[in-house]
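Coordinates from model-v8.txt are shown below (compact mmCIF, C-alpha atoms and all ligand atoms).
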# COMPACT_ATOMS: atom_id res chain seq x y z
CA MET A 510 5.44 31.25 -93.33
CA ASN A 511 6.25 32.18 -89.74
CA ALA A 512 2.90 33.38 -88.29
CA ASN A 513 4.61 35.86 -85.99
CA LYS A 514 6.47 37.45 -88.93
CA GLN A 515 3.31 37.49 -91.03
CA LEU A 516 1.35 39.16 -88.22
CA TRP A 517 3.60 42.22 -88.36
CA GLU A 518 4.53 42.28 -92.06
CA GLN A 519 0.89 42.24 -93.20
CA GLY A 520 0.22 45.63 -91.67
CA ASP A 521 2.26 48.79 -91.44
CA PHE A 522 3.09 49.40 -87.83
CA THR A 523 4.78 52.72 -88.75
CA LYS A 524 1.28 54.24 -88.95
CA ILE A 525 0.63 53.31 -85.30
CA ALA A 526 4.18 54.05 -84.15
CA GLU A 527 3.69 57.67 -85.19
CA SER A 528 1.28 57.99 -82.27
CA MET A 529 3.90 56.65 -79.82
CA ARG A 530 6.93 58.86 -80.60
CA GLU A 531 6.62 61.21 -77.60
CA SER A 532 6.47 58.39 -75.06
CA GLY A 533 9.29 56.54 -76.84
CA GLU A 534 11.51 59.58 -76.57
CA ALA A 535 10.62 60.14 -72.90
CA LEU A 536 11.38 56.50 -72.09
CA VAL A 537 14.79 56.70 -73.77
CA LYS A 538 15.64 59.90 -71.87
CA SER A 539 15.08 57.99 -68.62
CA LEU A 540 17.70 55.34 -69.51
CA ASP A 541 20.90 57.35 -68.83
CA ILE A 542 22.26 56.79 -72.32
CA THR A 543 25.65 58.37 -72.94
CA ASN A 544 27.95 58.59 -75.96
CA GLY A 545 29.17 55.28 -77.31
CA VAL A 546 26.93 53.03 -75.21
CA GLU A 547 26.03 49.95 -77.27
CA VAL A 548 22.27 49.44 -77.46
CA LEU A 549 20.18 46.65 -78.94
CA ASP A 550 16.57 47.62 -79.62
CA LEU A 551 14.71 44.34 -79.98
CA GLY A 552 11.40 44.30 -81.84
CA SER A 553 12.41 47.82 -82.75
CA GLY A 554 9.68 48.52 -85.29
CA ASP A 555 10.69 51.59 -87.29
CA GLY A 556 12.75 53.00 -84.43
CA THR A 557 10.46 54.76 -81.94
CA THR A 558 13.08 54.12 -79.24
CA ALA A 559 16.10 53.36 -81.47
CA LEU A 560 16.21 56.83 -83.07
CA PRO A 561 16.12 58.80 -79.79
CA ALA A 562 18.83 56.49 -78.37
CA ALA A 563 21.04 57.14 -81.42
CA ARG A 564 20.41 60.89 -81.14
CA LEU A 565 21.87 60.68 -77.61
CA GLY A 566 25.09 59.22 -79.06
CA ALA A 567 24.54 55.48 -78.49
CA GLU A 568 25.66 52.91 -81.06
CA VAL A 569 22.32 51.32 -81.83
CA LEU A 570 21.25 48.15 -83.58
CA GLY A 571 17.52 47.68 -84.16
CA VAL A 572 16.42 44.08 -84.74
CA ASP A 573 12.93 43.28 -85.92
CA ILE A 574 11.23 40.29 -87.49
CA ALA A 575 9.27 42.40 -90.02
CA ARG A 576 11.21 43.19 -93.19
CA ASN A 577 9.06 46.27 -93.96
CA LEU A 578 9.73 47.78 -90.53
CA VAL A 579 13.48 47.15 -90.81
CA ALA A 580 13.43 49.01 -94.14
CA ALA A 581 11.36 51.84 -92.63
CA GLY A 582 13.81 52.14 -89.71
CA ASN A 583 16.82 52.28 -92.02
CA ARG A 584 15.07 54.95 -94.09
CA ARG A 585 14.38 57.07 -91.01
CA ALA A 586 18.00 56.69 -89.83
CA ALA A 587 19.31 57.73 -93.26
CA GLU A 588 16.95 60.71 -93.43
CA GLU A 589 18.33 61.96 -90.13
CA GLY A 590 21.93 61.15 -91.06
CA LEU A 591 22.31 58.87 -88.03
CA THR A 592 25.36 56.80 -88.95
CA ASN A 593 25.40 55.22 -85.46
CA LEU A 594 22.10 53.41 -86.07
CA ARG A 595 21.14 50.49 -88.28
CA PHE A 596 18.31 48.01 -88.41
CA GLU A 597 18.42 44.36 -89.43
CA GLU A 598 16.00 41.48 -89.64
CA GLY A 599 16.09 38.95 -86.82
CA ASP A 600 14.02 36.91 -84.41
CA ALA A 601 14.16 37.65 -80.67
CA SER A 602 13.87 33.91 -79.97
CA HIS A 603 17.21 33.18 -81.65
CA LEU A 604 19.53 36.09 -82.25
CA ASP A 605 21.88 33.98 -84.34
CA ASN A 606 23.87 36.92 -85.78
CA LEU A 607 24.65 38.47 -82.42
CA GLU A 608 27.64 37.56 -80.27
CA ASP A 609 27.55 36.92 -76.53
CA GLU A 610 27.95 39.98 -74.26
CA SER A 611 27.91 42.55 -77.05
CA PHE A 612 25.49 45.21 -75.70
CA ASP A 613 25.41 47.46 -72.63
CA LEU A 614 21.65 47.89 -72.90
CA VAL A 615 18.91 45.80 -74.48
CA VAL A 616 15.65 47.70 -74.79
CA THR A 617 12.43 46.14 -76.01
CA MET A 618 9.27 48.20 -75.79
CA PHE A 619 6.32 45.94 -76.64
CA GLY A 620 8.64 44.04 -78.99
CA ALA A 621 10.14 40.83 -77.55
CA MET A 622 6.84 40.15 -75.75
CA PHE A 623 5.37 39.22 -79.14
CA ALA A 624 7.98 36.54 -79.94
CA PRO A 625 7.00 32.93 -79.35
CA ASN A 626 9.12 30.86 -76.93
CA PRO A 627 9.46 33.38 -74.08
CA VAL A 628 12.11 31.37 -72.24
CA ASP A 629 14.32 31.42 -75.35
CA VAL A 630 13.74 35.17 -75.62
CA ALA A 631 14.84 35.72 -72.00
CA LYS A 632 17.95 33.57 -72.54
CA GLU A 633 18.87 35.39 -75.75
CA MET A 634 18.48 38.84 -74.19
CA VAL A 635 20.71 37.85 -71.25
CA ARG A 636 23.26 36.16 -73.53
CA VAL A 637 23.86 39.27 -75.66
CA THR A 638 24.03 41.66 -72.67
CA ARG A 639 27.43 42.43 -71.09
CA PRO A 640 27.87 41.74 -67.38
CA GLY A 641 27.03 45.03 -65.67
CA GLY A 642 24.58 45.89 -68.42
CA LYS A 643 20.81 45.92 -68.30
CA ILE A 644 17.67 44.84 -70.12
CA VAL A 645 14.63 47.11 -70.16
CA MET A 646 11.33 45.60 -71.32
CA GLY A 647 7.93 47.22 -71.75
CA ASN A 648 5.08 44.71 -71.63
CA TRP A 649 1.31 45.14 -71.85
CA ILE A 650 -0.51 43.72 -68.83
CA PRO A 651 -3.27 41.10 -69.13
CA GLY A 652 -6.57 42.26 -67.68
CA ASP A 653 -5.39 45.85 -67.33
CA PRO A 654 -8.32 48.19 -67.90
CA THR A 655 -6.35 50.67 -70.03
CA PHE A 656 -5.99 51.01 -73.78
CA VAL A 657 -3.68 48.47 -75.46
CA ALA A 658 -4.40 45.64 -73.01
CA GLN A 659 -8.10 46.09 -73.84
CA VAL A 660 -7.47 46.35 -77.62
CA LEU A 661 -5.56 43.05 -77.45
CA LYS A 662 -8.23 41.45 -75.25
CA ILE A 663 -11.11 42.45 -77.51
CA SER A 664 -9.15 41.51 -80.65
CA ALA A 665 -8.30 38.07 -79.22
CA ALA A 666 -11.98 37.44 -78.41
CA TYR A 667 -12.85 37.72 -82.13
CA ALA A 668 -9.78 35.91 -83.51
CA PRO A 669 -9.80 32.13 -84.01
CA PRO A 670 -8.46 30.07 -81.10
CA PRO A 671 -4.67 30.09 -81.15
CA PRO A 672 -2.77 26.91 -82.05
CA ALA A 673 -1.91 24.43 -79.27
CA GLY A 674 1.11 25.54 -77.28
CA PHE A 675 0.67 29.24 -78.13
CA VAL A 676 1.78 31.47 -75.26
CA SER A 677 -0.07 34.77 -75.16
CA PRO A 678 2.27 37.80 -75.45
CA VAL A 679 0.59 39.52 -72.50
CA THR A 680 1.78 36.77 -70.15
CA TRP A 681 5.00 38.89 -70.17
CA GLY A 682 2.96 41.47 -68.22
CA VAL A 683 2.79 39.22 -65.13
CA GLU A 684 5.71 39.62 -62.71
CA GLU A 685 5.88 35.92 -61.68
CA ASN A 686 6.22 34.88 -65.34
CA VAL A 687 8.99 37.39 -65.91
CA VAL A 688 10.93 36.10 -62.88
CA GLU A 689 10.42 32.48 -63.96
CA ARG A 690 11.51 33.12 -67.57
CA PHE A 691 14.67 34.98 -66.58
CA SER A 692 15.51 32.30 -63.99
CA HIS A 693 16.16 29.97 -66.95
CA ALA A 694 18.86 32.43 -68.00
CA GLY A 695 20.43 32.40 -64.51
CA VAL A 696 19.01 35.77 -63.37
CA LEU A 697 18.13 36.02 -59.69
CA PRO A 698 14.79 37.62 -58.71
CA ALA A 699 16.69 40.30 -56.77
CA HIS A 700 18.16 41.51 -60.06
CA ILE A 701 14.76 42.21 -61.60
CA ALA A 702 12.87 45.44 -60.86
CA PHE A 703 9.26 46.16 -61.80
CA GLU A 704 7.42 49.41 -62.26
CA ARG A 705 4.07 50.38 -63.78
CA ASP A 706 4.40 53.21 -66.24
CA THR A 707 2.37 54.90 -68.96
CA TYR A 708 2.75 55.21 -72.73
CA THR A 709 0.53 57.88 -74.21
CA PHE A 710 -0.81 57.52 -77.74
CA THR A 711 -1.30 60.87 -79.47
CA TYR A 712 -2.98 61.20 -82.84
CA PRO A 713 -3.89 64.29 -84.88
CA ALA A 714 -7.47 63.13 -85.55
CA PRO A 715 -10.47 61.87 -83.53
CA PRO A 716 -10.38 58.46 -81.76
CA THR A 717 -12.52 56.81 -84.44
CA GLU A 718 -9.82 57.64 -87.01
CA LEU A 719 -7.13 56.17 -84.77
CA LEU A 720 -9.26 53.02 -84.69
CA ALA A 721 -9.38 53.09 -88.50
CA ALA A 722 -5.56 53.14 -88.48
CA PHE A 723 -5.46 50.15 -86.08
CA ARG A 724 -7.93 48.31 -88.32
CA ALA A 725 -5.88 48.99 -91.44
CA TYR A 726 -2.33 48.65 -90.08
CA TYR A 727 -2.03 46.93 -86.65
CA GLY A 728 -1.54 43.17 -87.17
CA PRO A 729 -3.51 41.88 -84.13
CA THR A 730 -6.50 44.14 -84.93
CA MET A 731 -6.33 43.30 -88.65
CA ASN A 732 -6.49 39.59 -87.81
CA ALA A 733 -9.44 40.16 -85.49
CA PHE A 734 -11.39 42.03 -88.20
CA ALA A 735 -10.60 39.31 -90.75
CA ALA A 736 -11.89 36.61 -88.37
CA ALA A 737 -14.92 38.69 -87.36
CA GLY A 738 -15.72 39.21 -91.06
CA GLU A 739 -15.89 35.46 -91.59
CA ASN A 740 -18.57 35.25 -88.89
CA GLY A 741 -20.46 38.40 -89.92
CA ARG A 742 -19.34 40.12 -86.69
CA GLU A 743 -17.25 43.00 -88.09
CA ALA A 744 -19.80 45.62 -86.95
CA ASP A 745 -19.82 44.20 -83.38
CA LEU A 746 -16.03 44.31 -83.21
CA HIS A 747 -15.95 47.83 -84.61
CA SER A 748 -18.50 49.14 -82.13
CA GLU A 749 -16.76 47.47 -79.15
CA LEU A 750 -13.42 49.00 -80.14
CA ASP A 751 -14.94 52.37 -81.05
CA GLU A 752 -16.49 52.59 -77.61
CA LEU A 753 -13.12 51.76 -76.03
CA PHE A 754 -11.13 54.28 -78.12
CA ASN A 755 -13.62 57.07 -77.40
CA ALA A 756 -14.02 56.24 -73.70
CA GLN A 757 -10.25 56.23 -73.13
CA ASN A 758 -9.56 59.41 -75.08
CA GLN A 759 -8.49 62.25 -72.79
CA SER A 760 -8.08 65.01 -75.36
CA ALA A 761 -10.40 67.99 -74.97
CA ASP A 762 -9.81 68.87 -78.64
CA PRO A 763 -12.31 66.98 -80.84
CA GLY A 764 -9.73 66.85 -83.65
CA HIS A 765 -7.10 65.10 -81.53
CA THR A 766 -6.72 61.86 -79.61
CA THR A 767 -4.70 61.36 -76.42
CA ILE A 768 -4.94 57.92 -74.85
CA PRO A 769 -2.72 56.76 -71.96
CA ALA A 770 -1.91 53.07 -71.63
CA THR A 771 -0.43 51.38 -68.57
CA TYR A 772 2.39 48.87 -69.03
CA LEU A 773 4.80 46.84 -66.92
CA GLN A 774 8.36 48.09 -67.13
CA VAL A 775 10.90 45.39 -66.32
CA THR A 776 14.56 46.19 -65.63
CA VAL A 777 16.99 43.31 -65.42
CA SER A 778 20.52 43.86 -64.13
CA VAL A 779 22.83 41.39 -65.81
C1 LIG B 801 3.98 46.68 -81.04
S1 LIG B 801 5.34 46.72 -82.15
C2 LIG B 801 6.50 47.72 -81.22
C3 LIG B 801 7.59 48.31 -82.06
C4 LIG B 801 8.56 49.28 -81.37
N1 LIG B 801 9.29 48.63 -80.30
C5 LIG B 801 7.86 50.50 -80.90
O1 LIG B 801 7.85 50.75 -79.68
O2 LIG B 801 7.34 51.25 -81.73
C6 LIG B 801 5.97 45.07 -82.01
C7 LIG B 801 7.20 44.86 -82.84
O3 LIG B 801 7.80 43.61 -82.49
C8 LIG B 801 8.23 42.99 -83.67
N2 LIG B 801 8.35 41.53 -83.42
C9 LIG B 801 7.34 40.67 -83.20
N3 LIG B 801 7.84 39.43 -83.01
C10 LIG B 801 9.19 39.53 -83.09
C11 LIG B 801 10.26 38.59 -83.00
N4 LIG B 801 10.03 37.29 -82.80
N5 LIG B 801 11.52 39.04 -83.12
C12 LIG B 801 11.76 40.35 -83.37
N6 LIG B 801 10.80 41.27 -83.51
C13 LIG B 801 9.52 40.88 -83.35
C14 LIG B 801 7.18 43.37 -84.68
O4 LIG B 801 7.58 43.19 -86.00
C15 LIG B 801 6.91 44.82 -84.32
O5 LIG B 801 7.77 45.70 -84.98
I'd like the structure from this file rewritten - as structure tokens, please.
Ligand SMILES: C[S@@+](CC[C@H](N)C(=O)[O-])C[C@H]1O[C@@H](n2cnc3c(N)ncnc32)[C@H](O)[C@@H]1O
Amino acid sequence: MNANKQLWEQGDFTKIAESMRESGEALVKSLDITNGVEVLDLGSGDGTTALPAARLGAEVLGVDIARNLVAAGNRRAAEEGLTNLRFEEGDASHLDNLEDESFDLVVTMFGAMFAPNPVDVAKEMVRVTRPGGKIVMGNWIPGDPTFVAQVLKISAAYAPPPPAGFVSPVTWGVEENVVERFSHAGVLPAHIAFERDTYTFTYPAPPTELLAAFRAYYGPTMNAFAAAGENGREADLHSELDELFNAQNQSADPGHTTIPATYLQVTVSV
């Protein structure tokens, strides 16, 4: 079994994605999407960015490695009657079903960064984008003090050492790596723009309950708890994460959680 696929199919990312809808919608609004624009949402999950893009009139394909999330996305599209949006299973490292130059915009918010073989991912994203089109990536930043970067850092510290040759997803959050990876696809540095932006997680319960959702449904955190359990360190992991979730919460309402997270936004002009 493909470990990357298993990582995301074991959980239920829809439960986390529900806390990211507002930022997903705001991001899509910033992309100048007009009627009929062809959009690929890569690592789409259940459609946090794909649905808002389709609502703006784009023709959207969501591709995700997790079968359960593809099904959830198609359910959400059907419930809203969005006939210009569909989801299918696929791997960002080899988009075998997709033809060259078939999209005006490729968007991947914290999606393609999780695929192994980052150079292949960069080449595939460029290959399927039309000349004149663009790629927009959102990537968590290694060492960043804010929320998700710290969740991933703490989780990785409890997980078993990765297999030889494993490239950490957060290496996509370093500008030099992004430039180097896209250079293999023939993209010049001048055609890549970087910006630091914020995704805000909002949850209708206290931070400790959001952590419970991460523990139950978010693949990287689930793996960390499983590994910590084997070493009798579950309580340590829980208290480290609980401290983080509560310290980063900015909501004044004790029944709600609001946590901002900084990410690197990459825009590639193809
Ligand atoms: C953190 S979630 C983000 C989902 C969505 N973009 C969002 O903003 O809600 C990461 C997503 O990337 C998907 N993914 C991971 N590796 C992938 C790969 N190799 N190809 C396609 N999708 C992948 C996962 O299944 C998961 O849905």
TODO: Enumerate as a ChimeraX atom specification the residues within 8 Å of ligand LIG 801 (chain B), counting all atoms listed in the file.
DONE: /A:513-514,516-518,522-523,525-526,529-530,533,550-558,572-575,578,598-602,617-625
Open item on the list: Could you list, as a ChimeraX atom specification, every residue within 8 Å of Phe596 of chain A, counting all atoms listed in the file and ignoring same-chain residues fewer than 4 positions away?
Closed with: /A:570-573,579-580,582-583
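In this comparison, which uses only C-alpha atoms, the residue of A:Leu614, A:Ile542, A:Ile650, A:Leu607 approaching Thr707 of chain A most closely is A:Ile650.
Of the listed residues A:Arg595, A:Thr709, A:Val637, A:Gly652, the one whose atoms come nearest to Ala535 of chain A is A:Thr709, with distances taken using all atoms listed in the file.
In terms of minimum interatomic distance to Pro715 of chain A, A:His765 ranks closest within A:Asn755, A:Ala736, A:His765, A:Val688, counting only C-alpha atoms.
Relative to atom CA of Lys524 of chain A, atom CA of Phe723 of chain A is found at 8.4 Å.
Compared by their closest atoms to Pro769 of chain A, and using all atoms listed in the file, the residues A:Pro678, A:Pro654, A:Pro698, A:Pro561 rank with A:Pro654 nearest.
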- [ ] Go through A:Val537, A:Ala562, A:Val635, A:Ala581 and flag the residue nearest Ser611 of chain A, using all atoms listed in the file for the distances.
- [x] A:Val635
- [ ] Can you pull out every residue within 12 Å of Lys538 of chain A, counting all atoms listed in the file, but drop anything in the same chain fewer than 5 positions away, and send it as a ChimeraX atom specification?
- [x] /A:531-533,543,558-567
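For the set A:Leu604, A:Val546, A:Ala666, A:Ala512, the residue with the smallest atom-to-atom gap to Lys632 of chain A is A:Leu604, counting only C-alpha atoms.
Across the model, the gap from atom CA of Phe703 of chain A to atom CA of Val775 of chain A is 4.9 Å.
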